$ cat coords-v6.csv   # CSV, C-alpha atoms and all ligand atoms
chain,number,residue,atom,x,y,z
A,1,MET,CA,0.0,0.0,0.0
A,2,THR,CA,1.4,3.4,-1.0
A,3,THR,CA,1.2,6.5,1.3
A,4,LYS,CA,-1.2,9.5,1.2
A,5,VAL,CA,0.4,12.9,1.4
A,6,ALA,CA,-1.3,15.8,3.1
A,7,PRO,CA,0.6,19.1,2.7
A,8,SER,CA,0.1,21.4,5.8
A,9,LEU,CA,-0.8,24.9,4.6
A,10,LEU,CA,0.8,26.2,7.8
A,11,SER,CA,4.0,26.7,5.9
A,12,ALA,CA,2.4,28.0,2.7
A,13,ASP,CA,2.2,31.6,1.6
A,14,PHE,CA,-1.0,32.8,3.5
A,15,GLY,CA,-1.3,35.7,1.0
A,16,ARG,CA,-2.1,33.3,-1.8
A,17,LEU,CA,-3.4,30.2,-0.2
A,18,HIS,CA,-5.7,29.0,-3.1
A,19,GLU,CA,-2.7,29.1,-5.4
A,20,GLU,CA,-0.7,27.1,-3.0
A,21,VAL,CA,-3.5,24.5,-2.8
A,22,LYS,CA,-3.5,24.3,-6.6
A,23,ARG,CA,0.3,23.9,-6.6
A,24,VAL,CA,0.3,20.9,-4.3
A,25,GLU,CA,-2.7,19.4,-6.1
A,26,GLU,CA,-0.7,19.6,-9.4
A,27,HIS,CA,2.2,17.8,-7.7
A,28,GLY,CA,0.0,14.9,-6.6
A,29,ALA,CA,-1.1,15.8,-3.0
A,30,ASP,CA,-3.9,13.5,-1.8
A,31,TRP,CA,-5.3,15.7,1.0
A,32,ILE,CA,-5.0,19.3,2.2
A,33,HIS,CA,-4.2,19.6,5.9
A,34,LEU,CA,-5.4,22.8,7.6
A,35,ASP,CA,-3.8,23.6,11.0
A,36,VAL,CA,-6.2,25.5,13.2
A,37,MET,CA,-4.7,27.1,16.4
A,38,ASP,CA,-6.6,29.2,18.8
A,39,GLY,CA,-4.0,31.0,21.0
A,40,HIS,CA,-5.2,29.0,24.0
A,41,PHE,CA,-4.6,25.3,23.5
A,42,VAL,CA,-1.4,26.4,21.7
A,43,PRO,CA,0.0,30.0,21.9
A,44,ALA,CA,-0.3,30.7,18.1
A,45,ILE,CA,-3.4,31.7,16.2
A,46,THR,CA,-3.8,30.6,12.6
A,47,VAL,CA,-6.9,30.3,10.6
A,48,GLY,CA,-10.6,29.4,11.2
A,49,PRO,CA,-13.6,28.1,9.3
A,50,ALA,CA,-13.8,31.2,7.1
A,51,VAL,CA,-10.5,30.3,5.5
A,52,ALA,CA,-11.5,26.6,5.1
A,53,GLY,CA,-14.7,27.7,3.4
A,54,SER,CA,-12.9,30.2,1.1
A,55,LEU,CA,-10.5,27.4,-0.1
A,56,ARG,CA,-13.2,24.8,-0.6
A,57,PRO,CA,-14.3,26.0,-4.1
A,58,TYR,CA,-10.7,25.8,-5.4
A,59,THR,CA,-10.1,22.1,-4.8
A,60,LYS,CA,-11.8,18.8,-4.9
A,61,LEU,CA,-9.1,17.3,-2.6
A,62,PHE,CA,-10.0,15.8,0.7
A,63,MET,CA,-9.6,18.5,3.3
A,64,ASP,CA,-8.7,17.6,6.9
A,65,ALA,CA,-9.0,20.3,9.6
A,66,HIS,CA,-6.6,19.7,12.5
A,67,LEU,CA,-8.1,21.6,15.5
A,68,MET,CA,-5.5,22.6,18.0
A,69,VAL,CA,-8.1,24.4,20.0
A,70,SER,CA,-9.5,24.1,23.5
A,71,GLU,CA,-13.0,22.8,23.8
A,72,PRO,CA,-13.1,21.8,20.2
A,73,GLU,CA,-16.8,20.7,20.6
A,74,ASP,CA,-17.7,24.4,20.4
A,75,HIS,CA,-16.1,24.8,17.0
A,76,ILE,CA,-17.3,21.8,15.0
A,77,GLU,CA,-20.4,23.1,13.2
A,78,PRO,CA,-18.6,26.0,11.4
A,79,PHE,CA,-16.0,23.7,10.0
A,80,VAL,CA,-18.6,21.3,8.8
A,81,GLU,CA,-20.4,24.2,7.1
A,82,ALA,CA,-17.1,25.2,5.5
A,83,GLY,CA,-17.1,21.9,3.7
A,84,VAL,CA,-14.1,20.1,5.3
A,85,ASP,CA,-14.1,16.3,4.9
A,86,LEU,CA,-12.6,15.4,8.3
A,87,ILE,CA,-12.2,17.1,11.6
A,88,THR,CA,-9.4,16.0,14.0
A,89,ILE,CA,-9.5,17.1,17.6
A,90,GLN,CA,-6.8,16.9,20.2
A,91,ALA,CA,-7.5,14.3,22.9
A,92,GLU,CA,-6.0,16.6,25.5
A,93,ALA,CA,-8.3,19.5,24.5
A,94,THR,CA,-11.6,18.3,25.9
A,95,ALA,CA,-12.9,16.4,28.9
A,96,HIS,CA,-15.7,15.0,26.6
A,97,LEU,CA,-13.8,13.2,23.8
A,98,ASP,CA,-16.5,10.7,23.1
A,99,ARG,CA,-19.2,13.3,22.9
A,100,ALA,CA,-17.1,15.6,20.7
A,101,LEU,CA,-16.4,12.8,18.2
A,102,ARG,CA,-20.0,11.7,18.1
A,103,LYS,CA,-20.9,15.3,17.3
A,104,ILE,CA,-18.6,15.4,14.3
A,105,LYS,CA,-19.9,12.1,13.0
A,106,ASP,CA,-23.5,13.1,13.6
A,107,LEU,CA,-22.9,16.1,11.4
A,108,GLY,CA,-21.8,13.8,8.6
A,109,VAL,CA,-18.1,14.3,8.4
A,110,LYS,CA,-15.2,12.0,9.3
A,111,ALA,CA,-13.6,12.2,12.7
A,112,GLY,CA,-10.1,12.0,14.0
A,113,VAL,CA,-8.2,12.2,17.3
A,114,ALA,CA,-4.8,13.7,17.6
A,115,LEU,CA,-2.4,12.5,20.3
A,116,ASN,CA,0.4,14.8,21.6
A,117,PRO,CA,3.8,13.1,21.8
A,118,ALA,CA,3.3,12.4,25.6
A,119,THR,CA,-0.3,11.1,25.3
A,120,PRO,CA,-0.5,7.3,25.4
A,121,PRO,CA,-2.5,5.4,22.8
A,122,GLY,CA,-4.6,3.7,25.6
A,123,ILE,CA,-6.9,6.7,25.4
A,124,LEU,CA,-8.3,5.2,22.1
A,125,GLU,CA,-9.4,2.0,23.8
A,126,TYR,CA,-13.1,2.8,24.0
A,127,ILE,CA,-13.6,5.1,21.0
A,128,TRP,CA,-12.2,3.0,18.2
A,129,PRO,CA,-15.6,2.7,16.4
A,130,LEU,CA,-15.8,6.5,16.2
A,131,LEU,CA,-12.4,6.9,14.6
A,132,ASP,CA,-11.8,7.4,10.9
A,133,LEU,CA,-8.3,8.7,11.7
A,134,VAL,CA,-5.7,8.8,14.5
A,135,LEU,CA,-3.2,11.5,14.2
A,136,VAL,CA,0.1,10.9,16.0
A,137,MET,CA,1.8,14.2,16.7
A,138,SER,CA,5.5,13.8,16.1
A,139,VAL,CA,6.3,17.3,17.4
A,140,ASN,CA,4.5,19.3,20.1
A,141,PRO,CA,1.7,21.2,18.4
A,142,GLY,CA,2.0,24.9,17.9
A,143,ALA,CA,4.5,25.6,15.0
A,144,GLY,CA,5.8,24.3,11.8
A,145,GLY,CA,9.5,23.5,11.1
A,146,GLN,CA,10.2,21.6,14.4
A,147,LYS,CA,12.4,18.5,14.7
A,148,PHE,CA,10.8,15.1,14.5
A,149,ILE,CA,10.5,13.3,17.8
A,150,PRO,CA,11.5,9.6,17.1
A,151,GLU,CA,10.1,8.4,20.4
A,152,VAL,CA,6.6,8.4,18.9
A,153,LEU,CA,7.5,5.7,16.4
A,154,PRO,CA,6.6,2.8,18.8
A,155,LYS,CA,3.2,4.5,19.4
A,156,VAL,CA,2.6,4.5,15.6
A,157,SER,CA,3.4,0.8,15.5
A,158,CYS,CA,1.1,0.1,18.5
A,159,ILE,CA,-1.8,2.0,16.9
A,160,ALA,CA,-1.2,0.2,13.5
A,161,GLU,CA,-1.3,-3.1,15.3
A,162,GLN,CA,-4.6,-2.2,16.9
A,163,VAL,CA,-6.1,-1.2,13.6
A,164,LYS,CA,-5.0,-4.5,12.1
A,165,THR,CA,-6.2,-6.6,15.0
A,166,ARG,CA,-9.6,-4.9,15.1
A,167,GLN,CA,-9.9,-5.1,11.2
A,168,LEU,CA,-10.6,-1.4,11.0
A,169,LYS,CA,-10.0,1.1,8.2
A,170,THR,CA,-8.8,3.9,10.5
A,171,GLU,CA,-6.1,6.0,8.8
A,172,ILE,CA,-3.0,6.6,10.8
A,173,GLN,CA,-1.6,10.1,10.2
A,174,VAL,CA,1.7,11.4,11.4
A,175,ASP,CA,2.3,15.2,11.7
A,176,GLY,CA,5.4,17.1,12.5
A,177,GLY,CA,9.0,17.1,11.2
A,178,VAL,CA,8.1,14.8,8.3
A,179,ASN,CA,10.7,15.0,5.5
A,180,GLY,CA,12.5,12.7,3.1
A,181,GLU,CA,14.7,11.3,5.9
A,182,THR,CA,12.2,10.8,8.7
A,183,ALA,CA,9.3,9.5,6.4
A,184,LYS,CA,10.7,6.0,5.8
A,185,ASP,CA,10.7,5.0,9.4
A,186,ILE,CA,7.3,6.6,9.9
A,187,VAL,CA,5.7,4.6,7.1
A,188,ARG,CA,7.6,1.5,8.2
A,189,ALA,CA,5.9,1.9,11.6
A,190,GLY,CA,2.5,1.9,10.0
A,191,ALA,CA,1.5,5.5,9.0
A,192,THR,CA,-0.9,5.7,6.1
A,193,VAL,CA,-1.1,9.5,5.8
A,194,LEU,CA,1.9,11.8,6.1
A,195,VAL,CA,1.5,15.5,6.9
A,196,ALA,CA,4.4,17.8,5.8
A,197,GLY,CA,4.5,21.5,5.9
A,198,SER,CA,8.0,23.1,5.8
A,199,ALA,CA,9.6,20.2,3.9
A,200,ILE,CA,7.1,20.9,1.0
A,201,PHE,CA,6.6,24.6,1.1
A,202,LYS,CA,9.8,26.0,2.5
A,203,ALA,CA,12.5,23.6,1.1
A,204,GLU,CA,14.1,23.8,-2.3
A,205,ASN,CA,12.4,21.3,-4.6
A,206,GLY,CA,9.9,20.8,-1.8
A,207,MET,CA,7.1,20.1,-4.3
A,208,SER,CA,8.9,17.0,-5.6
A,209,LEU,CA,8.8,15.5,-2.1
A,210,ILE,CA,5.1,14.9,-2.5
A,211,GLY,CA,5.8,12.3,-5.2
A,212,GLU,CA,8.6,10.8,-3.3
A,213,LEU,CA,6.6,10.3,-0.1
A,214,LYS,CA,3.6,8.8,-2.0
A,215,LYS,CA,5.9,6.1,-3.3
A,216,LEU,CA,6.8,4.8,0.2
A,217,CYS,CA,5.2,1.5,0.9
A,218,ARG,CA,4.3,-0.2,4.1
A,301,LIG,C1,2.1,21.5,14.2
A,301,LIG,C2,1.1,21.3,13.0
A,301,LIG,C3,1.7,20.6,11.9
A,301,LIG,C4,2.9,21.3,11.3
A,301,LIG,C5,3.7,20.5,10.4
A,301,LIG,O1,1.5,22.1,15.2
A,301,LIG,O2,0.1,20.5,13.4
A,301,LIG,O3,0.8,20.3,10.9
A,301,LIG,O4,2.5,22.4,10.6
A,301,LIG,O5,4.8,21.2,9.9
A,301,LIG,P1,6.2,20.7,9.6
A,301,LIG,O6,6.0,19.6,8.5
A,301,LIG,O7,7.0,21.8,9.2
A,301,LIG,O8,6.7,20.0,10.9
A,302,ZN,ZN,-1.4,19.5,11.8
$ encode --input "coords-v6.csv" --output "structure tokens" --more "lines below"
Ligand code: DX5
Ligand code: ZN
Amino acid sequence: MTTKVAPSLLSADFGRLHEEVKRVEEHGADWIHLDVMDGHFVPAITVGPAVAGSLRPYTKLFMDAHLMVSEPEDHIEPFVEAGVDLITIQAEATAHLDRALRKIKDLGVKAGVALNPATPPGILEYIWPLLDLVLVMSVNPGAGGQKFIPEVLPKVSCIAEQVKTRQLKTEIQVDGGVNGETAKDIVRAGATVLVAGSAIFKAENGMSLIGELKKLCR
């Protein structure tokens, strides 16, 4: 099985986002990854549902919104209305993870949970049926361009094992510090979707990385 690539717009030129979307689409991107930060769960503030909705007419690609926001349950509807295909919430950001996931699913979009580097995978134990995606954060959320944390690799393997044993179709996404060097181990551990921001938008020849990452096989 080859790998899906989801460029993170966090490292794109915010002044011409729809052109950046077109550019990654032309280079074979599978998904568009939108990093939403609220200045509370993480110090930075990025974009909200208005930007997701503005981009929607420009691409047919699957759009996943990664909400790095406190109490994500209060922000689900506007992202659904904006037309995103999947909403991922941070496990650490709500006391009501099950309820928030059910809310996403009830509104007709796919649901994901993101785990910070120190968050153990056991938190998924009772919510597997609700999960279309598990996002393993391989940096601490808040900024692009950070160094990959290799200690999360056993967690990716553990989650991949669970998905296999339970015969689920849950995607395993890895986000943070993904580049041509780190991607091989990440895919070997079981990742099915790679998020990459700075390695695609800020590096020389970054666009060609999309094709290279897609070829990696589990
Ligand atoms: C981090 C974000 C990531 C980040 C990835 O908080 O969730 O999506 O932008 O950026 P790179 O690929 O530069 O680590
Ligand atoms: Zn992200």
$ atom_distance --input "coords-v6.csv" --atom1 "CA of Pro141 in chain A" --atom2 "CA of Val163 in chain A"
24.2 Å
$ closest_residue --input "coords-v6.csv" --among "A:Thr182, A:Thr2, A:Ser198, A:Gln162" --to "ligand ZN 302 (chain A)" --atoms "only C-alpha atoms and all ligand atoms"
A:Ser198
$ closest_atom_pairs --input "coords-v6.csv" --of "range 5-122 of chain A" --to "range 209-215 of chain A" --cutoff "9 Å" --atoms "only C-alpha atoms" --output "CSV"
residue,atom,partner,partner_atom,distance
A:Val5,CA,A:Lys214,CA,6.2
A:Ala6,CA,A:Ile210,CA,8.6
A:Pro7,CA,A:Ile210,CA,8.1
A:Val24,CA,A:Ile210,CA,7.9
A:His27,CA,A:Ile210,CA,6.6
A:Gly28,CA,A:Gly211,CA,6.5
A:Ala29,CA,A:Ile210,CA,6.3
A:Asp30,CA,A:Lys214,CA,8.9
$ residues_around --input "coords-v6.csv" --residues "range 104-116 of chain A" --least-positions-apart "3" --cutoff "10 Å" --atoms "all atoms listed in the file" --output "compact mmCIF listing (two decimals) with C-alpha atoms, keeping the file's coordinate frame"
# COMPACT_ATOMS: atom_id res chain seq x y z
CA ASP A 64 -8.70 17.60 6.90
CA ALA A 65 -9.00 20.30 9.60
CA HIS A 66 -6.60 19.70 12.50
CA LEU A 67 -8.10 21.60 15.50
CA MET A 68 -5.50 22.60 18.00
CA GLU A 73 -16.80 20.70 20.60
CA ILE A 76 -17.30 21.80 15.00
CA GLU A 77 -20.40 23.10 13.20
CA PHE A 79 -16.00 23.70 10.00
CA VAL A 80 -18.60 21.30 8.80
CA GLU A 81 -20.40 24.20 7.10
CA GLY A 83 -17.10 21.90 3.70
CA VAL A 84 -14.10 20.10 5.30
CA ASP A 85 -14.10 16.30 4.90
CA LEU A 86 -12.60 15.40 8.30
CA ILE A 87 -12.20 17.10 11.60
CA THR A 88 -9.40 16.00 14.00
CA ILE A 89 -9.50 17.10 17.60
CA GLN A 90 -6.80 16.90 20.20
CA ALA A 91 -7.50 14.30 22.90
CA GLU A 92 -6.00 16.60 25.50
CA ALA A 93 -8.30 19.50 24.50
CA LEU A 97 -13.80 13.20 23.80
CA ARG A 99 -19.20 13.30 22.90
CA ALA A 100 -17.10 15.60 20.70
CA LEU A 101 -16.40 12.80 18.20
CA THR A 119 -0.30 11.10 25.30
CA PRO A 120 -0.50 7.30 25.40
CA PRO A 121 -2.50 5.40 22.80
CA ILE A 123 -6.90 6.70 25.40
CA LEU A 124 -8.30 5.20 22.10
CA ILE A 127 -13.60 5.10 21.00
CA LEU A 130 -15.80 6.50 16.20
CA LEU A 131 -12.40 6.90 14.60
CA ASP A 132 -11.80 7.40 10.90
CA LEU A 133 -8.30 8.70 11.70
CA VAL A 134 -5.70 8.80 14.50
CA LEU A 135 -3.20 11.50 14.20
CA VAL A 136 0.10 10.90 16.00
CA MET A 137 1.80 14.20 16.70
CA SER A 138 5.50 13.80 16.10
CA VAL A 139 6.30 17.30 17.40
CA ASN A 140 4.50 19.30 20.10
CA PRO A 141 1.70 21.20 18.40
CA VAL A 152 6.60 8.40 18.90
CA LYS A 155 3.20 4.50 19.40
CA THR A 170 -8.80 3.90 10.50
CA GLU A 171 -6.10 6.00 8.80
CA ILE A 172 -3.00 6.60 10.80
CA GLN A 173 -1.60 10.10 10.20
CA VAL A 174 1.70 11.40 11.40
CA ASP A 175 2.30 15.20 11.70
$ atom_distance --input "coords-v6.csv" --atom1 "CA of Ser8 in chain A" --atom2 "CA of Ala196 in chain A"
5.6 Å
$ atom_distance --input "coords-v6.csv" --atom1 "CA of Glu181 in chain A" --atom2 "CA of Gly206 in chain A"
13.1 Å
$ closest_atom_pairs --input "coords-v6.csv" --of "chain A" --to "ligand LIG 301 (chain A)" --cutoff "6 Å" --atoms "all atoms listed in the file" --output "CSV"
residue,atom,partner,partner_atom,distance
A:Ser8,CA,A:LIG301,O3,5.3
A:Leu10,CA,A:LIG301,O4,5.0
A:Asp35,CA,A:LIG301,O2,5.5
A:Pro141,CA,A:LIG301,O1,3.3
A:Gly142,CA,A:LIG301,O1,3.9
A:Ala143,CA,A:LIG301,O1,4.6
A:Gly144,CA,A:LIG301,O5,3.8
A:Gly145,CA,A:LIG301,O7,3.6
A:Gln146,CA,A:LIG301,O8,5.2
A:Asp175,CA,A:LIG301,O3,5.4
A:Gly176,CA,A:LIG301,O8,3.6
A:Gly177,CA,A:LIG301,O8,3.7
A:Val178,CA,A:LIG301,O6,5.2
A:Ala196,CA,A:LIG301,O6,3.6
A:Gly197,CA,A:LIG301,O6,3.6
A:Ser198,CA,A:LIG301,O7,3.8
A:Ala199,CA,A:LIG301,O6,5.9
$ closest_residue --input "coords-v6.csv" --among "A:Leu17, A:Val42, A:Val195, A:Leu153" --to "ligand ZN 302 (chain A)" --atoms "only C-alpha atoms and all ligand atoms"
A:Val195
$ closest_residue --input "coords-v6.csv" --among "A:Arg166, A:His33, A:His75, A:Lys60" --to "ligand ZN 302 (chain A)" --atoms "all atoms listed in the file"
A:His33
$ closest_residue --input "coords-v6.csv" --among "A:Ala160, A:Leu34, A:Leu194, A:Ala183" --to "ligand ZN 302 (chain A)" --atoms "only C-alpha atoms and all ligand atoms"
A:Leu34
$ closest_residue --input "coords-v6.csv" --among "A:Glu26, A:Met63, A:Asp98, A:Glu20" --to "ligand ZN 302 (chain A)" --atoms "all atoms listed in the file"
A:Met63
$ residues_near_point --input "coords-v6.csv" --point "(1.7, 3.5, 14.4)" --cutoff "6 Å" --atoms "all atoms listed in the file" --output "PyMOL selection string"
chain A and resi 155-160+189-191
$ closest_residue --input "coords-v6.csv" --among "A:Lys184, A:His18, A:Ala82, A:Leu216" --to "Gly53 in chain A" --atoms "only C-alpha atoms"
A:Ala82
$ build_atoms --input "coords-v6.csv" --residues "range 142-153 of chain A" --atoms "all heavy atoms" --output "PDB file, in the frame of the given file"
ATOM      1  N   GLY A 142       1.902  23.488  17.680  1.00  0.00           N
ATOM      2  CA  GLY A 142       2.000  24.900  17.900  1.00  0.00           C
ATOM      3  C   GLY A 142       2.807  25.644  16.778  1.00  0.00           C
ATOM      4  O   GLY A 142       2.638  26.842  16.599  1.00  0.00           O
ATOM      5  N   ALA A 143       3.652  24.925  16.051  1.00  0.00           N
ATOM      6  CA  ALA A 143       4.500  25.600  15.000  1.00  0.00           C
ATOM      7  C   ALA A 143       4.959  24.598  14.006  1.00  0.00           C
ATOM      8  O   ALA A 143       5.160  23.420  14.329  1.00  0.00           O
ATOM      9  CB  ALA A 143       5.653  26.291  15.679  1.00  0.00           C
ATOM     10  N   GLY A 144       5.175  25.094  12.796  1.00  0.00           N
ATOM     11  CA  GLY A 144       5.800  24.300  11.800  1.00  0.00           C
ATOM     12  C   GLY A 144       7.311  24.322  11.920  1.00  0.00           C
ATOM     13  O   GLY A 144       7.844  25.091  12.728  1.00  0.00           O
ATOM     14  N   GLY A 145       8.000  23.486  11.197  1.00  0.00           N
ATOM     15  CA  GLY A 145       9.500  23.500  11.100  1.00  0.00           C
ATOM     16  C   GLY A 145      10.179  22.977  12.358  1.00  0.00           C
ATOM     17  O   GLY A 145      11.367  23.254  12.555  1.00  0.00           O
ATOM     18  N   GLN A 146       9.509  22.182  13.199  1.00  0.00           N
ATOM     19  CA  GLN A 146      10.200  21.600  14.400  1.00  0.00           C
ATOM     20  C   GLN A 146      10.798  20.251  14.004  1.00  0.00           C
ATOM     21  O   GLN A 146      10.472  19.640  12.997  1.00  0.00           O
ATOM     22  CB  GLN A 146       9.192  21.408  15.507  1.00  0.00           C
ATOM     23  CG  GLN A 146       8.471  22.669  15.957  1.00  0.00           C
ATOM     24  CD  GLN A 146       7.524  22.366  17.114  1.00  0.00           C
ATOM     25  OE1 GLN A 146       7.941  22.147  18.252  1.00  0.00           O
ATOM     26  NE2 GLN A 146       6.226  22.358  16.835  1.00  0.00           N
ATOM     27  N   LYS A 147      11.674  19.793  14.924  1.00  0.00           N
ATOM     28  CA  LYS A 147      12.400  18.500  14.700  1.00  0.00           C
ATOM     29  C   LYS A 147      11.506  17.342  15.072  1.00  0.00           C
ATOM     30  O   LYS A 147      10.846  17.356  16.111  1.00  0.00           O
ATOM     31  CB  LYS A 147      13.652  18.559  15.559  1.00  0.00           C
ATOM     32  CG  LYS A 147      14.721  17.604  15.130  1.00  0.00           C
ATOM     33  CD  LYS A 147      16.005  17.880  15.926  1.00  0.00           C
ATOM     34  CE  LYS A 147      16.997  16.746  15.764  1.00  0.00           C
ATOM     35  NZ  LYS A 147      16.592  15.512  16.412  1.00  0.00           N
ATOM     36  N   PHE A 148      11.521  16.329  14.239  1.00  0.00           N
ATOM     37  CA  PHE A 148      10.800  15.100  14.500  1.00  0.00           C
ATOM     38  C   PHE A 148      11.205  14.428  15.784  1.00  0.00           C
ATOM     39  O   PHE A 148      12.388  14.341  16.099  1.00  0.00           O
ATOM     40  CB  PHE A 148      11.054  14.139  13.290  1.00  0.00           C
ATOM     41  CG  PHE A 148      10.386  12.809  13.403  1.00  0.00           C
ATOM     42  CD1 PHE A 148       9.020  12.678  13.199  1.00  0.00           C
ATOM     43  CD2 PHE A 148      11.126  11.667  13.708  1.00  0.00           C
ATOM     44  CE1 PHE A 148       8.394  11.446  13.296  1.00  0.00           C
ATOM     45  CE2 PHE A 148      10.511  10.422  13.806  1.00  0.00           C
ATOM     46  CZ  PHE A 148       9.144  10.311  13.596  1.00  0.00           C
ATOM     47  N   ILE A 149      10.226  13.952  16.555  1.00  0.00           N
ATOM     48  CA  ILE A 149      10.500  13.300  17.800  1.00  0.00           C
ATOM     49  C   ILE A 149      10.402  11.760  17.601  1.00  0.00           C
ATOM     50  O   ILE A 149       9.294  11.205  17.503  1.00  0.00           O
ATOM     51  CB  ILE A 149       9.464  13.717  18.911  1.00  0.00           C
ATOM     52  CG1 ILE A 149       9.581  15.224  19.165  1.00  0.00           C
ATOM     53  CG2 ILE A 149       9.655  12.925  20.209  1.00  0.00           C
ATOM     54  CD1 ILE A 149       8.500  15.807  20.076  1.00  0.00           C
ATOM     55  N   PRO A 150      11.540  11.052  17.491  1.00  0.00           N
ATOM     56  CA  PRO A 150      11.500   9.600  17.100  1.00  0.00           C
ATOM     57  C   PRO A 150      10.848   8.725  18.138  1.00  0.00           C
ATOM     58  O   PRO A 150      10.400   7.628  17.809  1.00  0.00           O
ATOM     59  CB  PRO A 150      12.977   9.260  16.906  1.00  0.00           C
ATOM     60  CG  PRO A 150      13.749  10.306  17.618  1.00  0.00           C
ATOM     61  CD  PRO A 150      12.912  11.549  17.662  1.00  0.00           C
ATOM     62  N   GLU A 151      10.742   9.180  19.392  1.00  0.00           N
ATOM     63  CA  GLU A 151      10.100   8.400  20.400  1.00  0.00           C
ATOM     64  C   GLU A 151       8.656   8.038  20.156  1.00  0.00           C
ATOM     65  O   GLU A 151       8.095   7.143  20.793  1.00  0.00           O
ATOM     66  CB  GLU A 151      10.222   9.078  21.806  1.00  0.00           C
ATOM     67  CG  GLU A 151      11.607   9.046  22.432  1.00  0.00           C
ATOM     68  CD  GLU A 151      12.571  10.083  21.861  1.00  0.00           C
ATOM     69  OE1 GLU A 151      12.159  10.908  21.012  1.00  0.00           O
ATOM     70  OE2 GLU A 151      13.753  10.064  22.261  1.00  0.00           O
ATOM     71  N   VAL A 152       8.044   8.748  19.213  1.00  0.00           N
ATOM     72  CA  VAL A 152       6.600   8.400  18.900  1.00  0.00           C
ATOM     73  C   VAL A 152       6.489   7.226  17.986  1.00  0.00           C
ATOM     74  O   VAL A 152       5.378   6.708  17.811  1.00  0.00           O
ATOM     75  CB  VAL A 152       5.848   9.637  18.319  1.00  0.00           C
ATOM     76  CG1 VAL A 152       5.946  10.849  19.222  1.00  0.00           C
ATOM     77  CG2 VAL A 152       6.303   9.969  16.910  1.00  0.00           C
ATOM     78  N   LEU A 153       7.595   6.763  17.405  1.00  0.00           N
ATOM     79  CA  LEU A 153       7.500   5.700  16.400  1.00  0.00           C
ATOM     80  C   LEU A 153       6.846   4.390  17.020  1.00  0.00           C
ATOM     81  O   LEU A 153       5.990   3.776  16.379  1.00  0.00           O
ATOM     82  CB  LEU A 153       8.835   5.360  15.787  1.00  0.00           C
ATOM     83  CG  LEU A 153       9.300   6.414  14.756  1.00  0.00           C
ATOM     84  CD1 LEU A 153      10.738   6.144  14.322  1.00  0.00           C
ATOM     85  CD2 LEU A 153       8.367   6.447  13.544  1.00  0.00           C
TER      86      LEU A 153
END
